[in-house]
$ cat final_15.tsv   # TSV, C-alpha atoms
chain	number	residue	atom	x	y	z
A	199	MET	CA	-5.37	-15.42	5.66
A	200	VAL	CA	-3.89	-15.32	2.16
A	201	GLU	CA	-1.22	-17.99	1.76
A	202	GLN	CA	2.34	-16.85	1.04
A	203	GLU	CA	1.54	-13.16	1.16
A	204	VAL	CA	4.59	-10.89	0.91
A	205	ASP	CA	4.99	-7.79	3.09
A	206	VAL	CA	7.95	-5.46	2.49
A	207	THR	CA	9.25	-3.48	5.48
A	208	LEU	CA	11.55	-0.47	5.63
A	209	THR	CA	13.62	0.81	8.54
A	210	PHE	CA	13.46	4.42	7.30
A	211	GLU	CA	11.48	6.17	4.56
A	212	GLU	CA	14.21	8.79	4.10
A	213	VAL	CA	17.98	8.28	4.25
A	214	THR	CA	20.55	11.08	4.20
A	215	GLY	CA	23.68	10.54	2.14
A	216	TYR	CA	26.75	12.66	1.38
A	217	LEU	CA	28.55	13.14	-1.90
A	218	GLY	CA	31.29	10.56	-2.44
A	219	ASN	CA	30.27	8.51	0.61
A	220	SER	CA	28.31	5.27	0.96
A	221	ALA	CA	24.72	4.81	2.13
A	222	THR	CA	22.36	1.89	2.71
A	223	LEU	CA	18.65	1.87	1.89
A	224	GLU	CA	17.42	-0.75	4.34
A	225	CYS	CA	14.72	-3.18	3.23
A	226	ASP	CA	13.39	-6.51	4.47
A	227	TYR	CA	10.32	-8.69	3.95
A	228	THR	CA	8.15	-11.40	5.49
A	229	ILE	CA	6.13	-14.22	3.94
A	230	SER	CA	2.88	-15.00	5.77
A	231	SER	CA	3.35	-18.78	5.56
A	232	GLY	CA	6.70	-18.50	7.35
A	233	GLN	CA	8.44	-20.40	4.57
A	234	ASP	CA	11.84	-19.25	3.30
A	235	LEU	CA	10.84	-19.28	-0.36
A	236	PRO	CA	13.17	-17.95	-3.07
A	237	VAL	CA	12.26	-14.40	-4.08
A	238	THR	CA	13.30	-11.88	-6.68
A	239	VAL	CA	14.36	-8.57	-5.17
A	240	THR	CA	14.10	-5.67	-7.59
A	241	TRP	CA	15.18	-2.16	-6.74
A	242	LYS	CA	13.53	0.56	-8.81
A	243	GLN	CA	13.88	4.32	-9.05
A	244	GLY	CA	11.08	6.64	-9.96
A	245	ASP	CA	7.65	8.13	-9.59
A	246	GLY	CA	5.44	5.51	-7.90
A	247	PRO	CA	4.90	1.77	-8.46
A	248	ARG	CA	3.38	2.29	-11.93
A	249	TYR	CA	6.28	4.34	-13.32
A	250	ALA	CA	9.42	3.34	-11.40
A	251	GLU	CA	12.32	2.06	-13.54
A	252	GLU	CA	14.34	-1.01	-12.61
A	253	ILE	CA	17.95	-0.33	-11.59
A	254	PHE	CA	18.99	-3.58	-9.88
A	255	THR	CA	17.66	-7.13	-9.81
A	256	CYS	CA	18.53	-10.08	-7.56
A	257	THR	CA	17.03	-13.51	-8.26
A	258	GLY	CA	16.93	-16.62	-6.08
A	259	TYR	CA	17.33	-14.70	-2.82
A	260	THR	CA	16.56	-16.56	0.43
A	261	LYS	CA	16.89	-15.46	4.04
A	262	GLU	CA	19.01	-18.50	4.84
A	263	ASP	CA	21.62	-17.84	2.15
A	264	LYS	CA	21.33	-14.02	2.22
A	265	SER	CA	22.64	-13.84	-1.33
A	266	CYS	CA	21.48	-13.72	-4.95
A	267	VAL	CA	21.74	-16.57	-7.43
A	268	ASN	CA	22.02	-13.86	-10.07
A	269	ALA	CA	22.51	-10.14	-9.48
A	270	GLN	CA	22.60	-7.42	-12.10
A	271	VAL	CA	22.71	-3.63	-12.25
A	272	THR	CA	20.20	-2.78	-14.96
A	273	LYS	CA	20.68	0.98	-15.34
A	274	ILE	CA	24.09	2.19	-16.52
A	275	GLU	CA	24.13	5.27	-14.26
A	276	TYR	CA	24.45	2.98	-11.24
A	277	LEU	CA	27.05	0.56	-12.66
A	278	ASN	CA	29.76	-0.31	-10.11
A	279	ARG	CA	28.06	1.88	-7.49
A	280	ILE	CA	25.20	-0.24	-6.08
A	281	GLN	CA	24.93	-3.75	-4.65
A	282	ILE	CA	22.84	-5.90	-2.29
A	283	ALA	CA	23.83	-5.81	1.39
A	284	ASN	CA	25.51	-8.83	3.00
A	285	SER	CA	22.74	-9.59	5.50
A	286	SER	CA	19.52	-8.38	3.86
A	287	PRO	CA	18.04	-7.35	0.50
A	288	SER	CA	18.91	-3.73	1.32
A	289	LEU	CA	20.52	-1.61	-1.40
A	290	VAL	CA	24.03	-0.28	-0.77
A	291	PHE	CA	25.36	2.79	-2.57
A	292	THR	CA	29.16	2.52	-2.49
A	293	LYS	CA	29.67	6.04	-3.84
A	294	ILE	CA	26.90	8.65	-3.87
A	295	GLU	CA	26.64	11.15	-6.71
A	296	ALA	CA	24.69	14.42	-6.86
A	297	GLU	CA	22.02	12.98	-9.17
A	298	ASP	CA	21.18	10.09	-6.77
A	299	ASN	CA	18.52	12.12	-4.91
A	300	HIS	CA	15.53	9.97	-5.92
A	301	ASN	CA	12.69	7.82	-4.65
A	302	TYR	CA	13.84	4.17	-4.58
A	303	TRP	CA	11.42	1.23	-4.44
A	304	CYS	CA	12.25	-2.14	-2.87
A	305	GLN	CA	10.10	-4.78	-4.59
A	306	VAL	CA	10.01	-8.40	-3.41
A	307	ALA	CA	8.21	-11.12	-5.39
A	308	ILE	CA	7.98	-14.84	-4.65
A	309	GLU	CA	9.42	-16.81	-7.56
A	310	GLY	CA	7.42	-19.48	-9.38
A	311	SER	CA	4.40	-19.85	-11.62
A	312	ASN	CA	0.80	-18.94	-10.77
A	313	MET	CA	1.83	-16.25	-8.31
A	314	GLY	CA	-0.77	-13.54	-7.78
A	315	GLU	CA	-0.94	-9.94	-6.63
A	316	GLU	CA	-0.54	-10.95	-2.99
A	317	GLN	CA	2.89	-12.50	-3.63
A	318	VAL	CA	4.58	-9.21	-4.55
A	319	ASP	CA	4.94	-6.00	-2.55
A	320	MET	CA	7.07	-2.86	-2.67
A	321	LYS	CA	7.76	0.24	-0.60
A	322	SER	CA	9.84	3.36	-1.17
A	323	VAL	CA	12.67	5.24	0.51
A	324	VAL	CA	14.04	8.64	-0.54
A	325	LEU	CA	17.83	9.07	-0.67
A	326	ARG	CA	18.41	12.71	0.28
A	327	VAL	CA	21.82	13.78	-1.02
A	328	ARG	CA	23.50	16.53	0.97
A	329	GLY	CA	25.73	18.67	-1.22
A	330	GLY	CA	23.93	17.41	-4.32
A	331	HIS	CA	20.50	17.99	-5.84
A	332	GLU	CA	18.90	17.75	-2.42
A	333	SER	CA	15.14	17.22	-2.05
A	334	PRO	CA	13.42	15.73	1.03
A	335	LYS	CA	10.61	13.20	1.07
A	336	MET	CA	7.48	15.34	0.80
A	337	HIS	CA	4.95	13.02	2.45
A	338	SER	CA	4.25	9.51	3.71
A	339	VAL	CA	1.21	7.32	3.06
A	340	THR	CA	-0.33	5.08	5.71
A	341	ILE	CA	-2.89	2.45	4.81
A	342	GLU	CA	-5.23	0.14	6.67
A	343	ALA	CA	-3.96	-3.34	7.46
A	344	ASN	CA	-5.19	-6.25	5.33
A	345	SER	CA	-8.97	-6.74	5.26
A	346	VAL	CA	-11.56	-9.45	4.81
A	347	GLY	CA	-14.66	-8.54	2.83
A	348	VAL	CA	-17.91	-10.43	2.35
A	349	GLU	CA	-19.13	-11.10	-1.16
A	350	GLY	CA	-22.03	-8.77	-1.93
A	351	ALA	CA	-21.24	-6.43	1.00
A	352	ASP	CA	-19.24	-3.19	1.12
A	353	ILE	CA	-15.69	-2.44	2.23
A	354	GLN	CA	-13.71	0.68	3.10
A	355	LEU	CA	-9.91	0.73	2.68
A	356	ASP	CA	-8.54	3.52	4.86
A	357	CYS	CA	-5.66	5.62	3.53
A	358	ASP	CA	-4.07	8.72	5.01
A	359	CYS	CA	-1.21	11.02	4.08
A	360	THR	CA	1.05	13.02	6.41
A	361	GLY	CA	3.36	15.78	5.27
A	362	SER	CA	2.92	18.23	2.41
A	363	HIS	CA	1.51	18.01	-1.13
A	364	CYS	CA	-1.08	15.29	-0.38
A	365	ASP	CA	-3.52	16.61	-2.98
A	366	ASP	CA	-4.06	13.86	-5.56
A	367	VAL	CA	-4.89	10.21	-4.88
A	368	ALA	CA	-4.83	7.20	-7.17
A	369	TRP	CA	-6.16	3.78	-6.18
A	370	PHE	CA	-5.09	0.83	-8.31
A	371	LYS	CA	-4.93	-2.97	-8.06
A	372	GLY	CA	-2.19	-5.40	-8.96
A	373	PRO	CA	0.38	-5.95	-10.30
A	374	THR	CA	-1.40	-7.80	-13.09
A	375	ASN	CA	1.48	-9.09	-15.23
A	376	ASP	CA	4.44	-11.44	-14.70
A	377	GLN	CA	6.90	-8.56	-14.85
A	378	HIS	CA	5.09	-6.80	-11.96
A	379	THR	CA	4.88	-3.54	-13.88
A	380	GLU	CA	1.19	-3.16	-14.82
A	381	TYR	CA	-1.84	-2.32	-12.68
A	382	ASP	CA	-5.60	-1.95	-13.02
A	383	MET	CA	-6.81	1.55	-12.21
A	384	VAL	CA	-9.70	1.68	-9.72
A	385	TYR	CA	-10.32	5.34	-8.83
A	386	THR	CA	-8.50	8.67	-9.04
A	387	ARG	CA	-8.97	12.17	-7.67
A	388	THR	CA	-7.02	14.87	-9.50
A	389	SER	CA	-6.92	18.43	-8.21
A	390	GLY	CA	-8.25	20.97	-10.66
A	391	SER	CA	-6.97	24.41	-11.49
A	392	ARG	CA	-9.15	27.31	-12.54
A	393	PRO	CA	-11.45	26.99	-14.36
A	394	MET	CA	-11.28	23.17	-14.15
A	395	PRO	CA	-12.81	21.54	-11.03
A	396	THR	CA	-11.35	18.56	-9.19
A	397	GLN	CA	-11.80	15.39	-11.24
A	398	TYR	CA	-13.18	12.18	-9.67
A	399	VAL	CA	-12.80	9.20	-12.02
A	400	PRO	CA	-13.78	5.53	-11.49
A	401	TYR	CA	-12.44	3.01	-14.00
A	402	GLY	CA	-13.83	-0.03	-15.82
A	403	ASP	CA	-15.87	-2.42	-13.69
A	404	TRP	CA	-15.42	-0.08	-10.72
A	405	LYS	CA	-17.82	2.50	-12.17
A	406	GLY	CA	-20.87	2.65	-9.90
A	407	ARG	CA	-19.11	0.58	-7.20
A	408	ALA	CA	-16.05	2.63	-6.17
A	409	SER	CA	-15.96	6.03	-4.49
A	410	LEU	CA	-13.81	8.03	-2.08
A	411	SER	CA	-14.32	8.98	1.54
A	412	GLY	CA	-11.52	11.47	2.03
A	413	ASN	CA	-8.55	9.56	0.62
A	414	SER	CA	-10.06	6.16	1.51
A	415	LEU	CA	-11.55	3.81	-1.06
A	416	VAL	CA	-15.11	2.53	-0.63
A	417	ILE	CA	-16.23	-0.46	-2.74
A	418	THR	CA	-19.85	-1.58	-2.76
A	419	GLY	CA	-21.24	-4.92	-3.90
A	420	LEU	CA	-18.00	-6.87	-3.47
A	421	LYS	CA	-17.27	-9.62	-5.98
A	422	ALA	CA	-15.02	-12.65	-5.58
A	423	SER	CA	-12.78	-11.17	-8.29
A	424	ASP	CA	-12.21	-8.07	-6.13
A	425	ALA	CA	-9.77	-10.01	-3.96
A	426	GLY	CA	-6.15	-8.91	-4.30
A	427	ARG	CA	-3.67	-6.15	-3.54
A	428	TYR	CA	-4.83	-2.51	-3.59
A	429	TRP	CA	-2.52	0.50	-3.70
A	430	CYS	CA	-3.14	4.00	-2.38
A	431	GLU	CA	-0.81	6.48	-4.10
A	432	MET	CA	-0.63	10.13	-3.06
A	433	ARG	CA	1.01	12.80	-5.17
A	434	ASN	CA	0.80	16.45	-6.16
A	435	ALA	CA	0.47	17.26	-9.84
A	436	ALA	CA	2.33	20.53	-9.41
A	437	MET	CA	5.37	18.68	-8.06
A	438	TYR	CA	5.98	16.39	-11.05
A	439	GLY	CA	8.79	18.59	-12.31
A	440	ILE	CA	10.97	18.28	-9.21
A	441	GLY	CA	11.16	14.48	-9.20
A	442	GLU	CA	9.68	11.51	-7.41
A	443	VAL	CA	9.99	12.77	-3.81
A	444	ALA	CA	6.41	14.12	-4.03
A	445	THR	CA	4.92	10.63	-4.50
A	446	ASP	CA	4.39	7.78	-2.04
A	447	ALA	CA	2.25	4.64	-2.11
A	448	LYS	CA	1.38	1.75	0.18
A	449	SER	CA	-0.64	-1.42	-0.42
A	450	THR	CA	-3.13	-3.59	1.43
A	451	VAL	CA	-4.47	-7.06	0.62
A	452	VAL	CA	-8.21	-7.78	0.51
A	453	GLU	CA	-9.55	-11.31	0.95
A	454	ILE	CA	-13.15	-12.01	-0.12
A	455	ILE	CA	-15.24	-14.70	1.58
A	456	SER	CA	-18.57	-16.09	0.41
A	457	GLU	CA	-21.81	-14.69	1.80
A	458	ASN	CA	-22.71	-18.32	2.57
A	459	ASP	CA	-19.85	-18.57	5.04
A	460	GLY	CA	-21.08	-19.44	8.52
A	461	ASN	CA	-19.23	-16.48	10.06
A	462	VAL	CA	-20.97	-13.84	7.94
A	463	PHE	CA	-22.97	-11.36	10.04
A	464	THR	CA	-26.77	-11.56	9.99
A	465	CYS	CA	-29.46	-9.54	11.76
A	466	GLU	CA	-31.64	-12.60	12.17
A	467	GLY	CA	-32.75	-12.90	15.80
A	468	LYS	CA	-31.02	-9.64	16.80
A	469	ALA	CA	-32.58	-6.56	18.36
A	470	ASP	CA	-32.51	-3.28	16.46
A	471	GLY	CA	-29.20	-1.52	16.98
A	472	LEU	CA	-25.56	-1.20	15.96
A	473	TYR	CA	-23.23	-4.21	15.70
A	474	SER	CA	-19.54	-4.63	14.93
A	475	ASP	CA	-18.33	-6.04	11.63
A	476	PRO	CA	-16.41	-9.23	12.53
A	477	TYR	CA	-13.86	-8.59	9.78
A	478	GLN	CA	-13.51	-4.80	9.48
A	479	CYS	CA	-12.99	-2.50	12.43
A	480	ASN	CA	-13.74	0.58	10.33
A	481	MET	CA	-17.25	-0.62	9.41
A	482	TYR	CA	-20.34	-1.70	11.34
A	483	TYR	CA	-23.84	-3.08	10.84
A	484	VAL	CA	-27.18	-1.47	11.61
A	485	CYS	CA	-30.05	-3.88	12.27
A	486	VAL	CA	-33.59	-2.57	11.73
A	487	MET	CA	-36.40	-5.13	11.98
A	488	TYR	CA	-33.95	-7.94	11.12
A	489	VAL	CA	-32.72	-6.12	8.00
A	490	LYS	CA	-28.98	-5.31	7.99
A	491	TYR	CA	-27.31	-2.16	6.67
A	492	HIS	CA	-23.53	-1.93	6.27
A	493	ARG	CA	-22.02	1.43	7.24
A	494	PRO	CA	-18.45	2.84	7.12
A	495	CYS	CA	-16.75	4.79	9.88
A	496	PRO	CA	-15.06	8.11	9.06
A	497	THR	CA	-11.43	7.66	8.01
A	498	GLY	CA	-9.14	7.15	11.00
A	499	THR	CA	-11.89	5.90	13.31
A	500	VAL	CA	-13.20	2.45	14.27
A	501	PHE	CA	-16.53	1.13	15.48
A	502	ALA	CA	-17.08	1.83	19.19
A	503	PRO	CA	-19.61	-0.70	20.55
A	504	GLY	CA	-21.73	0.67	23.37
A	505	HIS	CA	-20.63	4.28	22.93
A	506	PRO	CA	-23.45	6.55	24.22
A	507	LEU	CA	-23.10	9.20	21.49
A	508	TYR	CA	-21.14	7.99	18.48
A	509	ALA	CA	-20.99	4.84	16.36
A	510	CYS	CA	-17.27	5.37	15.68
A	511	GLU	CA	-14.38	6.74	17.71
A	512	HIS	CA	-10.61	7.23	17.51
A	513	PRO	CA	-8.81	3.88	18.16
A	514	ALA	CA	-7.23	5.34	21.31
A	515	ASN	CA	-10.70	5.51	22.87
A	516	VAL	CA	-11.80	2.00	21.88
A	517	PRO	CA	-10.67	-1.22	23.60
A	518	ALA	CA	-9.04	-4.14	21.76
A	519	PRO	CA	-9.21	-5.76	19.30
A	520	CYS	CA	-10.05	-2.69	17.20
A	521	GLY	CA	-8.64	-0.02	19.48
A	522	THR	CA	-5.77	0.56	21.90
A	523	LEU	CA	-7.70	1.67	25.01
A	524	LYS	CA	-6.57	-0.25	28.07
A	525	ASN	CA	-9.10	-1.17	30.72
A	526	ASN	CA	-8.14	-0.18	34.26
$ encode --input "final_15.tsv" --output "structure tokens"
Amino acid sequence: MVEQEVDVTLTFEEVTGYLGNSATLECDYTISSGQDLPVTVTWKQGDGPRYAEEIFTCTGYTKEDKSCVNAQVTKIEYLNRIQIANSSPSLVFTKIEAEDNHNYWCQVAIEGSNMGEEQVDMKSVVLRVRGGHESPKMHSVTIEANSVGVEGADIQLDCDCTGSHCDDVAWFKGPTNDQHTEYDMVYTRTSGSRPMPTQYVPYGDWKGRASLSGNSLVITGLKASDAGRYWCEMRNAAMYGIGEVATDAKSTVVEIISENDGNVFTCEGKADGLYSDPYQCNMYYVCVMYVKYHRPCPTGTVFAPGHPLYACEHPANVPAPCGTLKNN
């Protein structure tokens, strides 16, 4: 497990507000170590993690004190209208205006030096203003829980999108700077329009190693430097003009272990057949004459050991720990 990993949680991904009234965008977080470390809570407004603009910042926040050491509204349009809630880092609108129909991002970052990608997370909630410039949240992204990959092996990071306008996908890694505003692009799929076909683009060191299976990211030949936080962002290019409600993104953390680790799977001494991956439910191993092959399951499925027909099945048909099927 990654130490001091931050995970942001939302109560709702869409909140309805009314002109002139108040509304609360609920947000909370956990730290994997269980420590109540001081964090900076930044609320942003905009089109995805890479483009969202800061509107409010709260430094020195702890769960014990439930308050900011310093708090500041950083965008003039929201001056005297937004504040942090009394019992959580949620954002309170004291008076909603017609132009407040936006996608808002709750970002939480552990304070201190030498903090990495795992120590900052963010998620978004749409404020839908009734009687104003009303637009609903178009879709919601779901992403696989945190994964452990083996150096030199392959990994598949499952991502799905429910709702409408789930056409384009961007995978990126980070944030990579102290301000938590920059990311490394990994892979994008951009829908084409006649006569241009759909564009599939890997970036930098990911060329030849990254590809897509549906909306999911597949990385081959894992390196130690591949560890970190990966983001799956879904959007529709045709919807850019109507605002940020057509974009959503979620993140997952990948931990890389050495191939010399004693828990790494090997086909040595095993009969030919299919075997579960001890770290990834959505992948499995094939042993053929003591040689191992790493294979991914289709998106949304997990390895089903002992299944008479298929290597992978829906989680509802697979017992724990990878599925939810209950034995009678």
$ closest_residue --input "final_15.tsv" --among "A:Glu453, A:Asp263, A:Asp475, A:Asp205" --to "Ile308 (chain A)" --atoms "only C-alpha atoms"
A:Asp205
$ closest_residue --input "final_15.tsv" --among "A:Gly498, A:Pro247, A:Gly471, A:Pro287" --to "His378 (chain A)" --atoms "all atoms listed in the file"
A:Pro247
$ closest_residue --input "final_15.tsv" --among "A:Ser345, A:Ser338, A:Thr386, A:Asn278" --to "Val324 (chain A)" --atoms "only C-alpha atoms"
A:Ser338
$ atom_distance --input "final_15.tsv" --atom1 "CA of Pro513 (chain A)" --atom2 "CA of Asn344 (chain A)"
16.7 Å
$ residues_around --input "final_15.tsv" --residues "Arg493 (chain A)" --least-positions-apart "6" --cutoff "12 Å" --atoms "all atoms listed in the file" --output "PyMOL selection string"
chain A and resi 351-354+416-418+472-475+478-485+500-501+509-510
$ atom_distance --input "final_15.tsv" --atom1 "CA of His337 (chain A)" --atom2 "CA of Ser449 (chain A)"
15.7 Å
$ atom_distance --input "final_15.tsv" --atom1 "CA of Lys335 (chain A)" --atom2 "CA of Val323 (chain A)"
8.2 Å
$ closest_residue --input "final_15.tsv" --among "A:Asn461, A:Thr497, A:Cys359, A:Val348" --to "Gly412 (chain A)" --atoms "only C-alpha atoms"
A:Thr497
$ axis_aligned_box --input "final_15.tsv" --around "region 347-366 of chain A" --padding-each-side "3 Å" --output "JSON"
{"center_x": -9.3, "center_y": 3.6, "center_z": 0.4, "size_x": 31.4, "size_y": 35.3, "size_z": 18.0}
$ residues_around --input "final_15.tsv" --residues "region 211-220 of chain A" --least-positions-apart "6" --cutoff "12 Å" --atoms "all atoms listed in the file" --output "VMD selection string"
chain A and resid 279 to 281 283 289 to 304 321 to 340 443 446 to 448
$ closest_residue --input "final_15.tsv" --among "A:Leu523, A:Ala469, A:Cys495, A:Ala425" --to "Tyr508 (chain A)" --atoms "only C-alpha atoms"
A:Cys495
$ residues_near_point --input "final_15.tsv" --point "(-26.4, -7.7, 6.3)" --cutoff "8 Å" --atoms "only C-alpha atoms" --output "tab-separated table (two decimals) with C-alpha atoms, keeping the file's coordinate frame"
chain	number	residue	atom	x	y	z
A	351	ALA	CA	-21.24	-6.43	1.00
A	463	PHE	CA	-22.97	-11.36	10.04
A	464	THR	CA	-26.77	-11.56	9.99
A	465	CYS	CA	-29.46	-9.54	11.76
A	483	TYR	CA	-23.84	-3.08	10.84
A	485	CYS	CA	-30.05	-3.88	12.27
A	489	VAL	CA	-32.72	-6.12	8.00
A	490	LYS	CA	-28.98	-5.31	7.99
A	491	TYR	CA	-27.31	-2.16	6.67
A	492	HIS	CA	-23.53	-1.93	6.27
$ residues_around --input "final_15.tsv" --residues "Ala514 (chain A)" --least-positions-apart "3" --cutoff "9 Å" --atoms "all atoms listed in the file" --output "PyMOL selection string"
chain A and resi 511+517+521-524
$ closest_residue --input "final_15.tsv" --among "A:Pro476, A:Pro506, A:Gly402, A:Pro236" --to "Val204 (chain A)" --atoms "all atoms listed in the file"
A:Pro236
$ residues_near_point --input "final_15.tsv" --point "(-10.0, 0.7, -11.2)" --cutoff "6 Å" --atoms "only C-alpha atoms" --output "list in words"
Phe370, Asp382, Met383, Val384, Tyr385, Tyr401 and Trp404 of chain A
$ residues_around --input "final_15.tsv" --residues "region 397-400 of chain A" --least-positions-apart "4" --cutoff "10 Å" --atoms "all atoms listed in the file" --output "MDAnalysis selection string"
chainID A and resid 366:369 383:390 404:410
$ residues_around --input "final_15.tsv" --residues "Arg248 (chain A)" --least-positions-apart "6" --cutoff "8 Å" --atoms "all atoms listed in the file" --output "JSON list (two decimals) with C-alpha atoms, in the frame of the given file"
[["chain", "number", "residue", "atom", "x", "y", "z"],
["A", 379, "THR", "CA", 4.88, -3.54, -13.88],
["A", 380, "GLU", "CA", 1.19, -3.16, -14.82],
["A", 381, "TYR", "CA", -1.84, -2.32, -12.68]]
$ build_atoms --input "final_15.tsv" --residues "region 301-315 of chain A" --atoms "N, CA and C atoms" --output "PDB file, in the frame of the given file"
ATOM      1  N   ASN A 301      13.549   8.749  -5.382  1.00  0.00           N
ATOM      2  CA  ASN A 301      12.690   7.820  -4.650  1.00  0.00           C
ATOM      3  C   ASN A 301      13.027   6.419  -5.136  1.00  0.00           C
ATOM      4  N   TYR A 302      13.438   5.533  -4.227  1.00  0.00           N
ATOM      5  CA  TYR A 302      13.840   4.170  -4.580  1.00  0.00           C
ATOM      6  C   TYR A 302      12.834   3.173  -3.995  1.00  0.00           C
ATOM      7  N   TRP A 303      12.454   2.197  -4.808  1.00  0.00           N
ATOM      8  CA  TRP A 303      11.420   1.230  -4.440  1.00  0.00           C
ATOM      9  C   TRP A 303      12.025  -0.154  -4.293  1.00  0.00           C
ATOM     10  N   CYS A 304      11.811  -0.761  -3.130  1.00  0.00           N
ATOM     11  CA  CYS A 304      12.250  -2.140  -2.870  1.00  0.00           C
ATOM     12  C   CYS A 304      11.063  -3.062  -3.143  1.00  0.00           C
ATOM     13  N   GLN A 305      11.164  -3.858  -4.200  1.00  0.00           N
ATOM     14  CA  GLN A 305      10.100  -4.780  -4.590  1.00  0.00           C
ATOM     15  C   GLN A 305      10.552  -6.214  -4.356  1.00  0.00           C
ATOM     16  N   VAL A 306       9.714  -6.993  -3.688  1.00  0.00           N
ATOM     17  CA  VAL A 306      10.010  -8.400  -3.410  1.00  0.00           C
ATOM     18  C   VAL A 306       8.868  -9.253  -3.959  1.00  0.00           C
ATOM     19  N   ALA A 307       9.211 -10.251  -4.774  1.00  0.00           N
ATOM     20  CA  ALA A 307       8.210 -11.120  -5.390  1.00  0.00           C
ATOM     21  C   ALA A 307       8.625 -12.578  -5.227  1.00  0.00           C
ATOM     22  N   ILE A 308       7.704 -13.410  -4.759  1.00  0.00           N
ATOM     23  CA  ILE A 308       7.980 -14.840  -4.650  1.00  0.00           C
ATOM     24  C   ILE A 308       8.142 -15.413  -6.059  1.00  0.00           C
ATOM     25  N   GLU A 309       9.157 -16.228  -6.244  1.00  0.00           N
ATOM     26  CA  GLU A 309       9.420 -16.810  -7.560  1.00  0.00           C
ATOM     27  C   GLU A 309       8.535 -18.044  -7.783  1.00  0.00           C
ATOM     28  N   GLY A 310       8.227 -18.321  -9.050  1.00  0.00           N
ATOM     29  CA  GLY A 310       7.420 -19.480  -9.380  1.00  0.00           C
ATOM     30  C   GLY A 310       6.225 -19.097 -10.231  1.00  0.00           C
ATOM     31  N   SER A 311       5.557 -20.091 -10.777  1.00  0.00           N
ATOM     32  CA  SER A 311       4.400 -19.850 -11.620  1.00  0.00           C
ATOM     33  C   SER A 311       3.143 -19.693 -10.779  1.00  0.00           C
ATOM     34  N   ASN A 312       2.119 -19.108 -11.394  1.00  0.00           N
ATOM     35  CA  ASN A 312       0.800 -18.940 -10.770  1.00  0.00           C
ATOM     36  C   ASN A 312       0.842 -18.092  -9.507  1.00  0.00           C
ATOM     37  N   MET A 313       1.775 -17.165  -9.444  1.00  0.00           N
ATOM     38  CA  MET A 313       1.830 -16.250  -8.310  1.00  0.00           C
ATOM     39  C   MET A 313       0.942 -15.049  -8.599  1.00  0.00           C
ATOM     40  N   GLY A 314       0.182 -14.615  -7.592  1.00  0.00           N
ATOM     41  CA  GLY A 314      -0.770 -13.540  -7.780  1.00  0.00           C
ATOM     42  C   GLY A 314      -0.297 -12.223  -7.210  1.00  0.00           C
ATOM     43  N   GLU A 315      -1.242 -11.280  -7.116  1.00  0.00           N
ATOM     44  CA  GLU A 315      -0.940  -9.940  -6.630  1.00  0.00           C
ATOM     45  C   GLU A 315      -0.411  -9.958  -5.199  1.00  0.00           C
TER      46      GLU A 315
END
